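Dropping final.cif in here (mmCIF, C-alpha atoms and all ligand atoms):
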```
data_structure
#
loop_
_atom_site.label_atom_id
_atom_site.label_comp_id
_atom_site.auth_asym_id
_atom_site.auth_seq_id
_atom_site.Cartn_x
_atom_site.Cartn_y
_atom_site.Cartn_z
CA MET A 1 10.30 0.90 -13.54
CA MET A 2 11.69 3.92 -11.76
CA LEU A 3 10.30 7.36 -11.01
CA ARG A 4 12.09 10.47 -9.90
CA VAL A 5 10.58 13.07 -7.57
CA GLY A 6 13.05 15.90 -7.14
CA ASP A 7 16.21 14.20 -5.87
CA VAL A 8 14.35 11.06 -4.79
CA ARG A 9 14.60 7.90 -6.90
CA ILE A 10 11.68 5.48 -6.54
CA HIS A 11 11.93 1.83 -7.67
CA HIS A 12 8.81 -0.27 -8.20
CA ILE A 13 9.00 -3.90 -7.06
CA GLU A 14 6.18 -6.24 -8.05
CA GLU A 15 5.20 -9.11 -5.80
CA TRP A 16 1.95 -10.47 -7.26
CA GLN A 17 -0.69 -9.58 -9.83
CA GLY A 18 -4.01 -11.14 -10.66
CA ASN A 19 -7.77 -11.06 -10.85
CA TYR A 20 -9.38 -10.20 -7.55
CA LEU A 21 -13.10 -9.74 -6.90
CA PRO A 22 -15.94 -8.49 -9.12
CA PRO A 23 -16.32 -4.74 -8.55
CA SER A 24 -19.87 -5.26 -7.26
CA TYR A 25 -18.40 -7.41 -4.43
CA PHE A 26 -15.40 -5.24 -3.76
CA PHE A 27 -16.81 -1.72 -3.44
CA THR A 28 -19.21 -0.71 -0.73
CA GLY A 29 -21.50 1.96 -2.20
CA TYR A 30 -21.07 0.35 -5.63
CA ASP A 31 -23.40 1.47 -8.42
CA ASP A 32 -23.39 -0.70 -11.54
CA ALA A 33 -24.50 1.96 -14.03
CA THR A 34 -21.70 4.28 -12.88
CA PHE A 35 -19.10 1.52 -13.09
CA ARG A 36 -20.19 0.45 -16.58
CA GLU A 37 -19.82 4.04 -17.74
CA LEU A 38 -16.28 4.23 -16.36
CA ALA A 39 -15.22 0.68 -17.27
CA PRO A 40 -13.80 1.46 -20.75
CA ALA A 41 -11.29 3.87 -19.19
CA LEU A 42 -10.26 1.22 -16.63
CA THR A 43 -9.97 -1.75 -19.02
CA PRO A 44 -7.75 -3.76 -19.22
CA GLN A 45 -5.12 -2.47 -16.74
CA PHE A 46 -7.49 -2.15 -13.79
CA TYR A 47 -10.52 -4.22 -14.78
CA LYS A 48 -10.93 -7.46 -16.73
CA ALA A 49 -14.25 -7.51 -18.54
CA GLU A 50 -14.11 -11.22 -19.44
CA SER A 51 -14.00 -12.26 -15.77
CA ASP A 52 -15.74 -9.13 -14.39
CA THR A 53 -12.96 -8.73 -11.85
CA ILE A 54 -10.86 -5.83 -10.70
CA TYR A 55 -7.20 -6.46 -11.53
CA ALA A 56 -4.86 -5.98 -8.61
CA PHE A 57 -1.18 -5.90 -7.72
CA LEU A 58 0.84 -6.41 -4.57
CA GLN A 59 3.92 -4.22 -4.82
CA SER A 60 6.60 -2.44 -2.83
CA TRP A 61 8.48 0.77 -3.42
CA LEU A 62 12.18 1.24 -2.70
CA LEU A 63 13.27 4.85 -2.31
CA GLU A 64 16.75 6.30 -2.52
CA VAL A 65 16.22 9.40 -0.41
CA ASP A 66 18.31 11.57 1.91
CA GLY A 67 21.18 9.07 1.81
CA LEU A 68 18.85 6.25 2.91
CA LYS A 69 17.23 3.22 1.29
CA VAL A 70 13.62 3.19 2.40
CA LEU A 71 11.24 0.33 1.57
CA PHE A 72 7.52 1.16 1.70
CA ASP A 73 5.14 -1.78 2.27
CA THR A 74 6.16 -5.41 1.99
CA GLY A 75 3.30 -7.32 0.34
CA ALA A 76 2.09 -10.74 1.42
CA GLY A 77 5.41 -12.62 1.68
CA ASN A 78 6.28 -16.22 0.87
CA ASP A 79 5.35 -19.34 2.83
CA LYS A 80 2.80 -17.65 5.10
CA VAL A 81 -0.14 -19.67 6.44
CA ARG A 82 -3.24 -17.58 5.71
CA PRO A 83 -6.50 -19.39 6.48
CA GLY A 84 -8.36 -16.06 6.68
CA LEU A 85 -7.48 -15.01 3.11
CA PRO A 86 -6.11 -18.08 1.29
CA ILE A 87 -5.27 -16.20 -1.93
CA PHE A 88 -2.29 -14.70 -0.07
CA GLY A 89 -1.24 -17.91 1.69
CA GLY A 90 1.58 -20.23 0.63
CA LEU A 91 2.93 -17.82 -1.97
CA ASP A 92 6.23 -18.61 -3.66
CA THR A 93 6.99 -15.48 -5.68
CA PRO A 94 10.42 -14.27 -6.92
CA PHE A 95 10.02 -11.05 -4.94
CA LEU A 96 13.62 -11.05 -3.69
CA GLN A 97 14.97 -11.59 -7.22
CA ARG A 98 12.89 -8.66 -8.39
CA PHE A 99 14.13 -6.65 -5.45
CA ALA A 100 17.72 -7.36 -6.57
CA ALA A 101 16.87 -5.90 -9.98
CA THR A 102 16.81 -2.47 -8.33
CA GLY A 103 20.57 -2.83 -7.90
CA PHE A 104 20.25 -3.18 -4.14
CA MET A 105 20.12 -6.10 -1.73
CA PRO A 106 17.94 -6.59 1.36
CA GLU A 107 21.04 -5.84 3.47
CA ASP A 108 21.11 -2.32 1.98
CA VAL A 109 17.71 -1.29 3.34
CA ASP A 110 17.90 1.23 6.19
CA LEU A 111 14.19 1.63 6.91
CA VAL A 112 11.11 -0.48 6.25
CA ILE A 113 7.86 1.45 6.60
CA CYS A 114 4.52 -0.36 6.66
CA SER A 115 1.49 1.80 5.86
CA HIS A 116 -0.63 -0.44 8.08
CA LEU A 117 -0.56 -3.93 9.54
CA HIS A 118 -2.83 -5.80 7.13
CA ILE A 119 -1.95 -9.19 5.63
CA ASP A 120 -0.87 -7.73 2.26
CA HIS A 121 1.43 -4.96 3.57
CA VAL A 122 3.73 -6.69 6.06
CA GLY A 123 4.50 -10.11 4.54
CA TRP A 124 8.10 -9.62 3.45
CA ASN A 125 8.97 -8.09 6.82
CA THR A 126 10.03 -11.63 7.64
CA ARG A 127 11.15 -14.75 5.82
CA LEU A 128 11.27 -18.35 6.89
CA ASP A 129 14.72 -19.53 7.98
CA SER A 130 15.03 -23.06 9.41
CA GLY A 131 11.46 -22.91 10.69
CA ARG A 132 11.79 -19.44 12.27
CA TRP A 133 10.55 -16.07 11.02
CA VAL A 134 13.55 -13.76 10.76
CA PRO A 135 13.85 -10.17 9.47
CA THR A 136 14.16 -10.14 5.66
CA PHE A 137 16.00 -6.82 5.85
CA PRO A 138 18.62 -7.57 8.51
CA ASN A 139 20.09 -4.09 8.88
CA ALA A 140 16.82 -2.14 8.81
CA ARG A 141 14.75 -0.41 11.46
CA TYR A 142 11.07 -1.17 10.92
CA LEU A 143 8.64 1.74 11.34
CA PHE A 144 5.08 0.77 12.28
CA SER A 145 2.10 2.89 13.24
CA ALA A 146 1.78 2.76 17.03
CA ILE A 147 -2.00 3.06 16.66
CA ASP A 148 -2.14 0.02 14.35
CA ARG A 149 0.13 -1.98 16.62
CA ASP A 150 -2.20 -1.39 19.58
CA TYR A 151 -5.13 -2.42 17.37
CA TRP A 152 -3.77 -5.58 15.71
CA ASP A 153 -1.61 -6.99 18.51
CA PRO A 154 -3.73 -9.75 20.10
CA ALA A 155 -2.06 -8.80 23.40
CA GLY A 156 -2.24 -5.05 22.73
CA PRO A 157 -4.32 -2.48 24.60
CA GLY A 158 -6.88 -2.16 21.80
CA PRO A 159 -9.40 -1.15 20.69
CA ARG A 160 -9.58 -4.51 18.90
CA PRO A 161 -10.57 -5.13 15.26
CA SER A 162 -13.93 -6.56 14.29
CA GLN A 163 -14.21 -10.34 14.31
CA ALA A 164 -14.23 -10.47 10.48
CA ALA A 165 -11.09 -8.32 10.25
CA ALA A 166 -9.31 -10.37 12.91
CA VAL A 167 -10.11 -13.59 11.01
CA GLY A 168 -8.85 -12.05 7.75
CA ASN A 169 -5.60 -11.12 9.46
CA THR A 170 -5.10 -14.51 11.17
CA ASN A 171 -1.40 -15.24 11.96
CA VAL A 172 -0.26 -11.93 10.44
CA PHE A 173 0.81 -10.17 13.59
CA GLU A 174 2.41 -13.34 14.94
CA ASP A 175 4.61 -14.13 11.91
CA SER A 176 5.24 -10.72 10.34
CA VAL A 177 5.25 -8.19 13.20
CA GLN A 178 5.92 -9.90 16.53
CA PRO A 179 9.29 -11.45 15.45
CA LEU A 180 10.53 -7.92 14.72
CA LEU A 181 9.30 -6.58 18.05
CA ASP A 182 11.07 -9.51 19.69
CA ALA A 183 14.27 -8.68 17.76
CA GLY A 184 14.14 -5.08 18.99
CA VAL A 185 14.22 -3.57 15.50
CA VAL A 186 10.85 -1.75 15.55
CA ASP A 187 10.15 1.94 16.05
CA LEU A 188 6.47 2.59 16.76
CA VAL A 189 5.63 6.00 15.33
CA GLN A 190 2.82 8.51 15.67
CA PRO A 191 1.20 10.42 12.78
CA GLY A 192 3.26 13.45 11.80
CA HIS A 193 6.52 11.54 12.34
CA ARG A 194 9.40 13.06 10.38
CA VAL A 195 11.40 10.17 8.95
CA SER A 196 14.06 12.24 7.19
CA GLU A 197 14.41 15.62 5.55
CA SER A 198 12.13 14.63 2.65
CA ILE A 199 9.72 12.16 4.30
CA THR A 200 6.84 12.69 6.73
CA LEU A 201 4.23 10.13 7.77
CA GLN A 202 0.66 11.48 7.79
CA LEU A 203 -2.36 9.83 9.34
CA GLY A 204 -4.69 8.37 6.70
CA ALA A 205 -7.16 6.73 9.07
CA GLY A 206 -10.25 4.73 8.13
CA HIS A 207 -8.97 1.69 6.27
CA THR A 208 -7.29 0.93 9.58
CA PRO A 209 -7.22 3.31 12.55
CA GLY A 210 -3.51 4.01 12.31
CA HIS A 211 -3.07 3.80 8.52
CA LEU A 212 -0.14 6.00 7.43
CA VAL A 213 0.36 7.98 4.21
CA MET A 214 3.99 8.59 3.30
CA ASP A 215 4.49 12.17 2.13
CA VAL A 216 7.67 12.71 0.11
CA ARG A 217 8.80 16.18 -0.97
CA SER A 218 11.94 17.16 -2.83
CA ARG A 219 12.85 20.27 -4.80
CA GLY A 220 9.25 21.45 -5.19
CA GLU A 221 7.97 18.05 -6.37
CA SER A 222 6.03 15.61 -4.25
CA ALA A 223 4.65 12.09 -3.98
CA LEU A 224 1.98 10.63 -1.73
CA PHE A 225 2.28 6.92 -0.99
CA VAL A 226 -1.36 6.44 -0.09
CA ALA A 227 -1.45 2.63 0.20
CA ASP A 228 -5.04 1.51 0.85
CA VAL A 229 -6.63 4.95 1.01
CA LEU A 230 -7.24 4.14 -2.69
CA HIS A 231 -7.52 0.53 -3.80
CA HIS A 232 -8.52 1.29 -7.37
CA PRO A 233 -8.63 4.26 -9.77
CA VAL A 234 -12.45 4.13 -9.92
CA GLN A 235 -12.32 5.69 -6.44
CA LEU A 236 -11.04 8.95 -7.95
CA TYR A 237 -14.31 9.26 -9.84
CA CYS A 238 -16.29 7.83 -6.89
CA PRO A 239 -14.44 8.75 -3.67
CA ASP A 240 -17.32 7.48 -1.51
CA TRP A 241 -16.74 3.88 -2.65
CA ASN A 242 -14.80 1.95 0.01
CA SER A 243 -13.32 -1.51 0.08
CA PRO A 244 -15.03 -4.06 2.32
CA TYR A 245 -11.80 -4.14 4.33
CA CYS A 246 -12.03 -0.50 5.46
CA GLU A 247 -12.45 -0.78 9.21
CA ASP A 248 -14.21 2.56 9.70
CA GLN A 249 -16.19 3.16 6.52
CA GLU A 250 -17.17 6.76 7.27
CA GLN A 251 -13.64 7.79 8.25
CA ALA A 252 -12.20 6.02 5.18
CA ARG A 253 -14.39 8.18 2.92
CA ARG A 254 -13.42 11.40 4.69
CA THR A 255 -9.72 10.52 4.42
CA ARG A 256 -10.02 9.67 0.70
CA TRP A 257 -11.65 13.00 -0.14
CA ARG A 258 -9.02 14.88 1.87
CA VAL A 259 -6.05 13.06 0.36
CA LEU A 260 -7.37 13.43 -3.20
CA ALA A 261 -7.94 17.16 -2.71
CA GLU A 262 -4.41 17.51 -1.39
CA ALA A 263 -2.92 15.46 -4.25
CA ALA A 264 -4.76 17.59 -6.84
CA GLU A 265 -3.75 20.82 -5.14
CA ARG A 266 -0.08 19.84 -4.85
CA GLU A 267 0.07 18.10 -8.25
CA ALA A 268 1.62 15.24 -6.31
CA ILE A 269 2.26 11.81 -7.78
CA LEU A 270 -0.08 9.34 -6.13
CA LEU A 271 1.33 5.87 -5.45
CA PRO A 272 -1.35 3.47 -4.17
CA ALA A 273 -0.65 -0.08 -3.02
CA HIS A 274 -2.67 -2.18 -5.43
CA TRP A 275 -2.98 -0.46 -8.78
CA GLY A 276 -2.01 -2.06 -12.05
CA GLY A 277 -1.14 -0.10 -15.19
CA ALA A 278 1.41 2.59 -14.43
CA HIS A 279 0.94 1.90 -10.66
CA SER A 280 0.73 5.66 -10.06
CA CYS A 281 -0.88 8.82 -11.40
CA ARG A 282 -1.46 12.49 -10.83
CA VAL A 283 -4.90 13.72 -9.78
CA ARG A 284 -7.08 16.34 -11.46
CA ARG A 285 -10.39 17.73 -10.28
CA ALA A 286 -13.27 16.65 -12.57
CA GLY A 287 -16.86 17.69 -11.90
CA ALA A 288 -17.70 17.04 -8.25
CA ALA A 289 -14.84 14.52 -7.85
CA PHE A 290 -11.52 13.71 -9.50
CA GLU A 291 -9.91 11.84 -12.37
CA PRO A 292 -6.49 10.22 -12.78
CA VAL A 293 -3.80 11.53 -15.09
CA PHE A 294 -1.55 8.64 -16.03
CA ASP A 295 0.92 10.44 -18.23
CA LEU A 296 3.94 10.70 -15.95
CA GLU A 297 6.39 10.95 -18.86
CA ALA A 298 8.00 14.03 -17.40
CA ALA A 299 8.77 12.26 -14.15
CA SER A 300 9.65 8.82 -15.50
CA VAL A 301 13.23 7.97 -16.33
CA GLY A 302 12.75 4.38 -17.48
ZN ZN B 401 -3.94 -3.69 0.93
#
```
Mind turning the file's structure into structure tokens?
Amino acid sequence: MMLRVGDVRIHHIEEWQGNYLPPSYFFTGYDDATFRELAPALTPQFYKAESDTIYAFLQSWLLEVDGLKVLFDTGAGNDKVRPGLPIFGGLDTPFLQRFAATGFMPEDVDLVICSHLHIDHVGWNTRLDSGRWVPTFPNARYLFSAIDRDYWDPAGPGPRPSQAAAVGNTNVFEDSVQPLLDAGVVDLVQPGHRVSESITLQLGAGHTPGHLVMDVRSRGESALFVADVLHHPVQLYCPDWNSPYCEDQEQARRTRWRVLAEAAEREAILLPAHWGGAHSCRVRRAGAAFEPVFDLEAASVG
């Protein structure tokens, strides 16, 4: 699948898909009557009624933009030891074969940008090579949020994550971030960082304190790579519903409302990290909240 936004070409790369948690477990602020009303519109791409689970993806996006190849988010990775969230441990997916289907190789990537430093967004930063974690994209600079680095680095200045969040992210910094810092290939960036003519990184705090939203603009069109500001399309109808993994629940809600308002206003394509279906949408105001518009025909070129 590929999308075009102005002059920018955007390739979708799947890593994993599957049933995750029941919506009543996953969303803080969940209301069953509201979900049941919305469920028909979310079934089956985003919700599986037979198992009562939300259906999730891990996926990356490769952009051809401003003469660069930019990879946004890197999933869970293969061979990682993940006692804090076993579903993402010991994976053996054909991610690199799927990556090659874009027509590019890992060596072609100029920049890897991670929205935040959670377990399911940094995994393919590194791969196992003779027992060592080495950069998967050997010619790339890796752009990480400086705020998130300070937060997740066990030796960083803090503030530190909650105990539950630290357990969930066990080993992640050590095997998927630190080897890149050690290799000298990381640029720690602040919100507002201009990556290239068409790309700016905005702060989308709440899910993690330094969570970044990648804002792409080209020829009057735009895309917002919102990662975990929105885990699921039900959050367009119910923007106050968070995931249990949002570190600052109040800030996560404020950010979601702000980003959705901006996406609706700009008629931007929204590209979240974990959506099934078309993996993206536009946003329209509906009542007091929003609704997704999945018909991207005009923008899709195959
Ligand atoms: Zn995530």
| task | Grab me every residue within 10 Å of ligand ZN 401 (chain B), counting all atoms listed in the file, and send it over as a ChimeraX atom specification. | result | /A:56-59,73,75-76,115-122,207,227-231,243,245-246,272-274
| Contacts of Val226 (chain A) at 10 Å (all atoms listed in the file; same-chain gap of 5+ positions) as a PyMOL selection string | chain A and resi 115+202+204+211-215+231+256+259-260+270-273
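Atom pair CA of Asp187 (chain A) / CA of Asn171 (chain A) has a distance of 21.1 Å (rounded to one decimal).
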| request: May I have the residues within 9 Å of Glu250 (chain A) as a VMD selection string, using only C-alpha atoms and disregarding those fewer than 4 positions away in the same chain? | output: chain A and resid 206 240 254 to 255
| Nearest to Arg127 (chain A) by atom-to-atom distance, counting all atoms listed in the file, from A:Tyr142, A:Trp275, A:Phe104, A:Phe95 |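 Between A:Tyr142, A:Trp275, A:Phe104, A:Phe95, the residue approaching Arg127 (chain A) most closely is A:Phe95.
Using all atoms listed in the file, the smallest distance between any of A:Val109, A:Leu236, A:Ala268, A:Leu128 and Pro292 (chain A) comes from A:Leu236.
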| request: For CA of Arg98 (chain A) and CA of Thr170 (chain A), determine how far apart the two atoms are, in Å to one decimal place. | output: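 Between these atoms lies a distance of 27.2 Å.
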| said: I need the residue nearest Leu188 (chain A) from this list: A:Ile147, A:Val70, A:Leu203, A:Ile13. Use only C-alpha atoms for the distance. | reply: A:Ile147
| message | Rounded to one decimal, what separation in Å do you get between CA of Pro135 (chain A) and CA of Asp110 (chain A)? | response |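 Between CA of Pro135 (chain A) and CA of Asp110 (chain A) the gap is 12.5 Å.
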| request: Would you list the contacts of Ile54 (chain A) as a list in words, taking every protein, DNA or RNA residue within 6 Å and counting all atoms listed in the file, but skipping same-chain residues closer than 3 positions in sequence? | output: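 The contact residues come out as Tyr20, Leu21, Pro22, Pro23, Phe46 and Tyr47 of chain A.
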| field | Residue neighbourhood Glu197 (chain A), 12 Å, all atoms listed in the file, exclusion window fewer than 4 positions, as a count of residues only | value | 13
| said: List as a ChimeraX atom specification the protein and nucleic acid residues near Arg141 (chain A), meaning an atom at most 12 Å away when all atoms listed in the file are counted, but skip any in the same chain fewer than 6 places from it. | reply: /A:68-71,107-114,125,135,180-181,183-189,195
